[in-house]
Amino acid sequence: MIERRAILSGSTFEEQIGYARAVVDGDWVHVSGTTGFDYATMTISDEVVKQAEQCLTNIGQALAEAGCTFADVVRVRYMLPEREDFEPCWPVLRAAFGDVRPAATMLVCGLADPRMKIEVEVYARRSASH
């Protein structure tokens with residue numbers, strides 16, 4: 001039987017909206033759109049780069065709980081309300097994904113909360129070595 005399990009971060013949004021931070025489905029790990037909220041304190045920085053860093057921290061925790069790392073990411077989507085906020089984030093994003101080179105898309109769109117400046121979604125595939 002294929003393993004399917006939800007990974008919860010403790011974010012109040014998961015309970016209020018009805019979703020999981022990530023879902024493990026066999027070898028695949030689907031990480032929901034993740035913002036720069038620090039879920040322990042439910043606070044968010046005003047700075048887009050700090051939000052990007054927190055997004056990656058949150059994603060990294062979900063991946064670890066799923067038994068994988070950023071090296072297993074095959075697809076990433078970046079969503080930002082302001083196009084000009086993307087380039088300042090590149091060094092942070094490159095640090096996580098530069099050696100991995102997942103397929104990537106950047107979208108300019110509205111996010112659920114006006115404090116949110118970036119949202120990141122990833123898909124990973126657990127390798128046989130995990």
# chains A, B, ... in the order shown; residues from 1 in each chain; ligands from 1
call {"tool": "select_by_dssp", "arguments": {"residues": "chain A", "states": "strand (DSSP E or B)", "output": "PDB file with C-alpha atoms, in the first residue's frame"}}
result
ATOM      1  CA  ARG A   4      -0.019   8.850   2.346  1.00  0.00           C
ATOM      2  CA  ARG A   5       0.296  11.101   5.345  1.00  0.00           C
ATOM      3  CA  ALA A   6      -0.115  14.739   6.220  1.00  0.00           C
ATOM      4  CA  ILE A   7       2.625  16.844   7.788  1.00  0.00           C
ATOM      5  CA  ALA A  22       2.894  18.928   3.206  1.00  0.00           C
ATOM      6  CA  VAL A  23       1.525  15.618   2.032  1.00  0.00           C
ATOM      7  CA  VAL A  24       3.701  12.554   1.566  1.00  0.00           C
ATOM      8  CA  ASP A  25       2.268  10.289  -1.128  1.00  0.00           C
ATOM      9  CA  TRP A  28       6.397  12.172  -3.601  1.00  0.00           C
ATOM     10  CA  VAL A  29       6.284  15.064  -1.169  1.00  0.00           C
ATOM     11  CA  HIS A  30       3.972  17.964  -1.977  1.00  0.00           C
ATOM     12  CA  VAL A  31       4.703  21.061   0.112  1.00  0.00           C
ATOM     13  CA  SER A  32       1.907  23.625   0.190  1.00  0.00           C
ATOM     14  CA  GLY A  33       2.501  27.239  -0.677  1.00  0.00           C
ATOM     15  CA  THR A  34       4.583  28.412   2.264  1.00  0.00           C
ATOM     16  CA  THR A  35       4.941  32.005   3.389  1.00  0.00           C
ATOM     17  CA  PHE A  37       5.405  33.398   8.821  1.00  0.00           C
ATOM     18  CA  ASP A  38       7.305  32.074  11.816  1.00  0.00           C
ATOM     19  CA  THR A  43       4.805  36.745  13.172  1.00  0.00           C
ATOM     20  CA  ILE A  44       6.128  37.831   9.797  1.00  0.00           C
ATOM     21  CA  VAL A  73      13.149  19.038  -4.797  1.00  0.00           C
ATOM     22  CA  VAL A  74      12.154  18.658  -8.448  1.00  0.00           C
ATOM     23  CA  ARG A  75       9.757  21.612  -8.830  1.00  0.00           C
ATOM     24  CA  VAL A  76       9.483  25.027  -7.163  1.00  0.00           C
ATOM     25  CA  ARG A  77       6.962  27.828  -7.632  1.00  0.00           C
ATOM     26  CA  TYR A  78       7.567  31.348  -6.389  1.00  0.00           C
ATOM     27  CA  MET A  79       4.584  33.650  -5.959  1.00  0.00           C
ATOM     28  CA  LEU A  80       5.032  37.351  -5.220  1.00  0.00           C
ATOM     29  CA  ALA A 103      12.109  23.207 -12.564  1.00  0.00           C
ATOM     30  CA  ALA A 104      10.896  26.645 -11.457  1.00  0.00           C
ATOM     31  CA  THR A 105       8.154  29.163 -12.115  1.00  0.00           C
ATOM     32  CA  MET A 106       7.694  32.678 -10.758  1.00  0.00           C
ATOM     33  CA  LEU A 107       4.211  34.175 -10.683  1.00  0.00           C
ATOM     34  CA  VAL A 108       3.115  37.701  -9.852  1.00  0.00           C
ATOM     35  CA  GLU A 119       5.057  32.345  -1.107  1.00  0.00           C
ATOM     36  CA  VAL A 120       7.001  29.241  -2.159  1.00  0.00           C
ATOM     37  CA  GLU A 121       5.637  25.815  -3.113  1.00  0.00           C
ATOM     38  CA  VAL A 122       7.778  22.738  -3.780  1.00  0.00           C
ATOM     39  CA  TYR A 123       7.444  19.159  -4.938  1.00  0.00           C
ATOM     40  CA  ALA A 124      10.101  16.660  -3.955  1.00  0.00           C
ATOM     41  CA  ARG A 125      10.722  13.020  -4.716  1.00  0.00           C
TER      42      ARG A 125
END
call {"tool": "residues_around", "arguments": {"residues": "Asp46 (chain A)", "least_positions_apart": "6", "cutoff": "10 Å", "atoms": "only C-alpha atoms", "output": "list in words"}}
result
Gly36, Arg115, Met116 and Lys117 of chain A
call {"tool": "write_last_selection", "arguments": {"atoms": "N, CA and C atoms", "output": "short mmCIF file (atom, residue, chain, number, x, y, z; two decimals), in the first residue's frame"}}
result
data_model
loop_
_atom_site.label_atom_id
_atom_site.label_comp_id
_atom_site.auth_asym_id
_atom_site.auth_seq_id
_atom_site.Cartn_x
_atom_site.Cartn_y
_atom_site.Cartn_z
N GLY A 36 6.33 33.46 4.68
CA GLY A 36 7.39 33.82 5.62
C GLY A 36 6.96 33.94 7.06
N ARG A 115 0.48 41.33 4.31
CA ARG A 115 1.83 41.31 4.88
C ARG A 115 2.74 40.33 4.14
N MET A 116 2.16 39.39 3.44
CA MET A 116 2.93 38.36 2.73
C MET A 116 3.55 38.95 1.47
N LYS A 117 4.86 38.78 1.32
CA LYS A 117 5.57 39.31 0.16
C LYS A 117 6.08 38.21 -0.77
#
call {"tool": "closest_residue", "arguments": {"among": "A:Ala71, A:Ile2, A:Ala40, A:Cys55", "to": "Pro102 (chain A)", "atoms": "only C-alpha atoms"}}
result
A:Ala71
call {"tool": "residues_around", "arguments": {"residues": "Glu53 (chain A)", "least_positions_apart": "2", "cutoff": "10 Å", "atoms": "only C-alpha atoms", "output": "ChimeraX atom specification"}}
result
/A:35-36,48-51,55-59,89,92-93,96
call {"tool": "atom_distance", "arguments": {"atom1": "CA of Ser11 (chain A)", "atom2": "CA of Cys68 (chain A)"}}
result
20.9 Å
call {"tool": "closest_residue", "arguments": {"among": "A:Ala64, A:Ser9, A:Ser127, A:Thr69", "to": "Phe97 (chain A)", "atoms": "only C-alpha atoms"}}
result
A:Thr69
call {"tool": "atom_distance", "arguments": {"atom1": "CA of Glu82 (chain A)", "atom2": "CA of Arg101 (chain A)"}}
result
23.7 Å
call {"tool": "atom_distance", "arguments": {"atom1": "CA of Thr41 (chain A)", "atom2": "CA of Gln61 (chain A)"}}
result
15.8 Å
call {"tool": "select_by_dssp", "arguments": {"residues": "chain A", "states": "alpha helix (DSSP H)", "output": "number ranges by chain"}}
result
A: 12-13, 48-66, 86-97
call {"tool": "closest_residue", "arguments": {"among": "A:Glu3, A:Tyr19, A:Ile118, A:Met42", "to": "Pro88 (chain A)", "atoms": "only C-alpha atoms"}}
result
A:Ile118
